[in-house]
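Asks: Below is the file final_39.csv, with CSV, C-alpha atoms.
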chain,number,residue,atom,x,y,z
A,1,MET,CA,-21.9,-29.8,-9.4
A,2,SER,CA,-23.4,-30.1,-12.9
A,3,VAL,CA,-27.1,-30.2,-13.7
A,4,TYR,CA,-28.2,-32.3,-16.7
A,5,PHE,CA,-31.5,-31.7,-18.4
A,6,TYR,CA,-33.0,-34.3,-20.7
A,7,GLU,CA,-36.3,-34.9,-22.6
A,8,PRO,CA,-38.1,-37.6,-20.7
A,9,ASN,CA,-40.1,-38.9,-23.7
A,10,TYR,CA,-37.0,-39.3,-25.9
A,11,LEU,CA,-36.9,-43.1,-25.7
A,12,PHE,CA,-40.6,-43.4,-26.3
A,13,ASP,CA,-40.4,-41.1,-29.3
A,14,ARG,CA,-37.5,-43.1,-30.7
A,15,PHE,CA,-39.4,-46.3,-30.2
A,16,PHE,CA,-42.4,-45.2,-32.1
A,17,GLU,CA,-40.3,-43.6,-34.9
A,18,THR,CA,-38.0,-46.5,-35.6
A,19,ALA,CA,-39.8,-49.7,-34.5
A,20,LEU,CA,-43.3,-48.8,-35.6
A,21,GLY,CA,-42.5,-46.3,-38.4
A,22,LEU,CA,-44.8,-43.7,-36.9
A,23,PRO,CA,-44.0,-40.0,-36.8
A,24,GLN,CA,-44.0,-37.9,-33.6
A,25,LEU,CA,-47.3,-36.2,-32.8
A,26,GLN,CA,-45.8,-33.1,-31.3
A,27,GLN,CA,-44.8,-30.3,-33.7
A,28,GLN,CA,-46.1,-30.5,-37.3
A,29,VAL,CA,-44.6,-28.6,-40.2
A,30,GLN,CA,-45.7,-28.5,-43.8
A,31,ARG,CA,-43.6,-30.4,-46.3
A,32,THR,CA,-41.9,-28.3,-49.0
A,33,ASP,CA,-42.2,-30.6,-51.9
A,34,SER,CA,-45.2,-30.0,-54.2
A,35,THR,CA,-46.2,-33.6,-54.7
A,36,ASN,CA,-47.1,-34.3,-51.1
A,37,THR,CA,-48.7,-31.7,-48.9
A,38,ALA,CA,-49.1,-33.9,-45.8
A,39,PRO,CA,-47.6,-32.5,-42.6
A,40,SER,CA,-44.1,-33.5,-41.8
A,41,VAL,CA,-42.7,-33.6,-38.3
A,42,VAL,CA,-39.2,-32.2,-37.7
A,43,ARG,CA,-38.1,-31.5,-34.1
A,44,PRO,CA,-34.4,-32.0,-33.4
A,45,ARG,CA,-33.5,-33.5,-30.1
A,46,MET,CA,-31.9,-31.1,-27.6
A,47,ASP,CA,-29.8,-31.8,-24.5
A,48,LEU,CA,-29.1,-28.9,-22.1
A,49,HIS,CA,-26.1,-29.2,-19.7
A,50,GLU,CA,-25.2,-26.7,-17.0
A,51,ASP,CA,-21.7,-26.6,-15.6
A,52,ALA,CA,-21.7,-24.6,-12.4
A,53,GLU,CA,-17.9,-24.7,-12.0
A,54,LYS,CA,-17.2,-23.1,-15.4
A,55,ASN,CA,-20.4,-21.1,-15.2
A,56,ILE,CA,-21.5,-22.1,-18.7
A,57,VAL,CA,-24.5,-23.8,-20.3
A,58,THR,CA,-24.2,-26.1,-23.3
A,59,ALA,CA,-27.1,-26.9,-25.6
A,60,SER,CA,-26.6,-29.8,-28.0
A,61,PHE,CA,-29.0,-30.3,-30.9
A,62,GLU,CA,-29.1,-33.5,-33.0
A,63,LEU,CA,-29.1,-32.4,-36.7
A,64,PRO,CA,-28.1,-35.4,-38.7
A,65,GLY,CA,-27.3,-34.8,-42.4
A,66,LEU,CA,-27.4,-31.0,-42.1
A,67,LYS,CA,-24.6,-28.6,-43.0
A,68,LYS,CA,-24.0,-25.3,-41.3
A,69,GLU,CA,-25.5,-23.5,-44.3
A,70,ASP,CA,-28.9,-25.2,-43.5
A,71,VAL,CA,-29.0,-23.9,-39.9
A,72,ASN,CA,-29.6,-20.4,-38.5
A,73,ILE,CA,-29.1,-19.2,-35.0
A,74,ASP,CA,-30.7,-15.9,-33.9
A,75,VAL,CA,-30.7,-14.0,-30.7
A,76,HIS,CA,-33.6,-11.6,-30.1
A,77,ASP,CA,-35.2,-10.3,-26.9
A,78,GLY,CA,-33.4,-12.7,-24.6
A,79,ARG,CA,-34.1,-15.8,-26.6
A,80,LEU,CA,-31.9,-18.0,-28.7
A,81,THR,CA,-33.6,-19.5,-31.6
A,82,VAL,CA,-32.2,-22.3,-33.8
A,83,THR,CA,-34.0,-22.7,-37.1
A,84,GLY,CA,-33.2,-24.6,-40.2
A,85,GLU,CA,-34.5,-26.7,-43.1
A,86,SER,CA,-33.8,-30.4,-43.8
A,87,LYS,CA,-33.5,-31.3,-47.4
A,88,ILE,CA,-32.1,-34.9,-47.3
A,89,SER,CA,-32.3,-37.0,-50.4
A,90,THR,CA,-30.8,-40.5,-50.9
A,91,GLU,CA,-30.8,-42.8,-53.9
A,92,ARG,CA,-29.9,-46.5,-54.1
A,93,GLU,CA,-30.6,-49.6,-56.2
A,94,GLU,CA,-32.3,-52.5,-54.5
A,95,GLU,CA,-33.2,-55.7,-56.3
A,96,GLY,CA,-33.2,-54.0,-59.7
A,97,TYR,CA,-35.3,-51.0,-58.5
A,98,ALA,CA,-34.2,-47.5,-58.0
A,99,VAL,CA,-35.1,-46.4,-54.5
A,100,LYS,CA,-35.2,-42.6,-53.8
A,101,GLU,CA,-36.0,-41.3,-50.3
A,102,ARG,CA,-36.5,-37.6,-49.5
A,103,LYS,CA,-37.0,-35.9,-46.2
A,104,PHE,CA,-38.0,-32.3,-46.2
A,105,GLY,CA,-39.1,-30.0,-43.4
A,106,LYS,CA,-38.4,-26.9,-41.3
A,107,PHE,CA,-37.6,-26.8,-37.6
A,108,ALA,CA,-37.2,-24.3,-34.8
A,109,ARG,CA,-36.2,-24.6,-31.2
A,110,THR,CA,-36.1,-21.6,-28.8
A,111,LEU,CA,-34.2,-21.2,-25.5
A,112,ARG,CA,-34.5,-18.4,-23.0
A,113,LEU,CA,-31.1,-17.0,-22.3
A,114,PRO,CA,-30.0,-15.9,-18.8
A,115,GLN,CA,-30.4,-12.2,-18.2
A,116,GLY,CA,-27.5,-10.0,-19.4
A,117,VAL,CA,-26.0,-12.5,-21.9
A,118,LYS,CA,-24.6,-10.6,-25.0
A,119,GLU,CA,-24.4,-12.0,-28.5
A,120,GLU,CA,-20.5,-12.0,-28.4
A,121,GLN,CA,-20.6,-14.4,-25.5
A,122,ILE,CA,-22.5,-17.1,-27.4
A,123,ASN,CA,-20.4,-19.7,-29.3
A,124,ALA,CA,-21.7,-22.4,-31.7
A,125,SER,CA,-20.2,-25.2,-33.7
A,126,LEU,CA,-21.6,-28.0,-35.9
A,127,GLU,CA,-19.6,-31.3,-36.1
A,128,HIS,CA,-20.8,-34.7,-37.2
A,129,GLY,CA,-24.5,-33.7,-37.2
A,130,VAL,CA,-24.4,-32.2,-33.6
A,131,LEU,CA,-24.8,-28.5,-33.1
A,132,THR,CA,-23.3,-27.3,-29.9
A,133,VAL,CA,-24.1,-23.9,-28.5
A,134,THR,CA,-22.4,-22.6,-25.4
A,135,PHE,CA,-23.2,-19.4,-23.4
A,136,PRO,CA,-22.5,-18.2,-19.8
A,137,LYS,CA,-25.0,-19.2,-17.2
A,138,ALA,CA,-25.0,-15.9,-15.4
A,139,VAL,CA,-23.2,-12.7,-16.1
A,140,PRO,CA,-21.3,-11.3,-13.2
A,141,GLU,CA,-23.4,-8.5,-11.7
A,142,ALA,CA,-21.9,-5.0,-11.8
A,143,ALA,CA,-21.1,-3.5,-8.4
A,144,PRO,CA,-23.8,-1.0,-7.3
A,145,ARG,CA,-23.0,2.5,-8.2
A,146,LYS,CA,-23.5,5.4,-5.7
A,147,ILE,CA,-25.2,8.4,-6.9
A,148,ALA,CA,-24.4,11.7,-5.3
A,149,ILE,CA,-27.3,13.8,-4.1
A,150,SER,CA,-27.1,17.4,-5.2
Kindly present the structure from the file in structure tokens form.

Replies:
Amino acid sequence: MSVYFYEPNYLFDRFFETALGLPQLQQQVQRTDSTNTAPSVVRPRMDLHEDAEKNIVTASFELPGLKKEDVNIDVHDGRLTVTGESKISTEREEEGYAVKERKFGKFARTLRLPQGVKEEQINASLEHGVLTVTFPKAVPEAAPRKIAIS
């Protein structure tokens, strides 16, 4: 049996972002361009899926427009942290005007890893704007060791 975790406010956030043009009000990050110092919100969506049969956990992050050079994955003290910086710039002409749009911001998401997971057991790939990180759910426990009394 698989367990699927999701973000319950995902649809609400998407509605306010797209339909009303309002940013999320959760995690604020400073913009990196010097002309506008207003806070920018960058929080990639994350889905967490647990497969009990294969004993693996898969975390998928939505990172549209980012390359693997823009994303860092660190493991420290039992936590997996995905960080990066979005520097997306588009240019187009519309009705005789040059339209330039830029989106800048840093992001970070952290997951607690199961006890005993080693860095070598973690795999990551970035395809079509989706970062997929897989790691074992639980490490097989070592058999208890007997200690002789002298």

Asks: For Thr58 in chain A, find every residue with an atom within 8 Å (counting only C-alpha atoms), except residues of its own chain fewer than 3 positions away, and show them as a PyMOL selection string.

Replies: chain A and resi 48-50+132-135

Asks: Measure the distance from CA of Arg79 in chain A to CA of His128 in chain A in Å and round it to one decimal.

Replies: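 Taking CA of Arg79 in chain A and CA of His128 in chain A, their separation equals 25.4 Å.
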
Asks: Quote the spacing between CA of Leu66 in chain A and CA of Pro44 in chain A in Å to one decimal place.

Replies: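 Separating CA of Leu66 in chain A from CA of Pro44 in chain A is a distance of 11.2 Å.
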
Asks: In Å, how far is it from CA of Lys106 in chain A to CA of Gly84 in chain A?

Replies: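 If I compute the distance from CA of Lys106 in chain A to CA of Gly84 in chain A, I get 5.8 Å.
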
Asks: For Gln115 in chain A, which residue out of A:Lys100, A:Lys137, A:Ser86, A:Arg45 is the nearest one, using only C-alpha atoms?

Replies: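 Closest residue, counting only C-alpha atoms: A:Lys137.
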
Asks: Any idea what's packed within 10 Å of Lys118 in chain A, counting only C-alpha atoms, ignoring anything in its chain fewer than 3 positions away? Could you give it as a list in words?

Replies: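 Near Lys118 in chain A, the qualifying residues are Val75, Gly78, Leu113, Pro114, Gln115, Gln121, Ile122, Phe135, Pro136 and Val139 of chain A.
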
Asks: Counting only C-alpha atoms, select every polymer residue within 7 Å of (-24.2, -32.7, -34.1) as defined in the file's coordinates, and provide the selection as a VMD selection string.

Replies: chain A and resid 61 to 64 126 to 132

Asks: Using only C-alpha atoms, please write the residues we just selected to a file, as a PDB file, in the coordinates of the input.

Replies:
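To be explicit, this is the file written out as out28.pdb:
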ATOM      1  CA  PHE A  61     -29.000 -30.300 -30.900  1.00  0.00           C
ATOM      2  CA  GLU A  62     -29.100 -33.500 -33.000  1.00  0.00           C
ATOM      3  CA  LEU A  63     -29.100 -32.400 -36.700  1.00  0.00           C
ATOM      4  CA  PRO A  64     -28.100 -35.400 -38.700  1.00  0.00           C
ATOM      5  CA  LEU A 126     -21.600 -28.000 -35.900  1.00  0.00           C
ATOM      6  CA  GLU A 127     -19.600 -31.300 -36.100  1.00  0.00           C
ATOM      7  CA  HIS A 128     -20.800 -34.700 -37.200  1.00  0.00           C
ATOM      8  CA  GLY A 129     -24.500 -33.700 -37.200  1.00  0.00           C
ATOM      9  CA  VAL A 130     -24.400 -32.200 -33.600  1.00  0.00           C
ATOM     10  CA  LEU A 131     -24.800 -28.500 -33.100  1.00  0.00           C
ATOM     11  CA  THR A 132     -23.300 -27.300 -29.900  1.00  0.00           C
TER      12      THR A 132
END
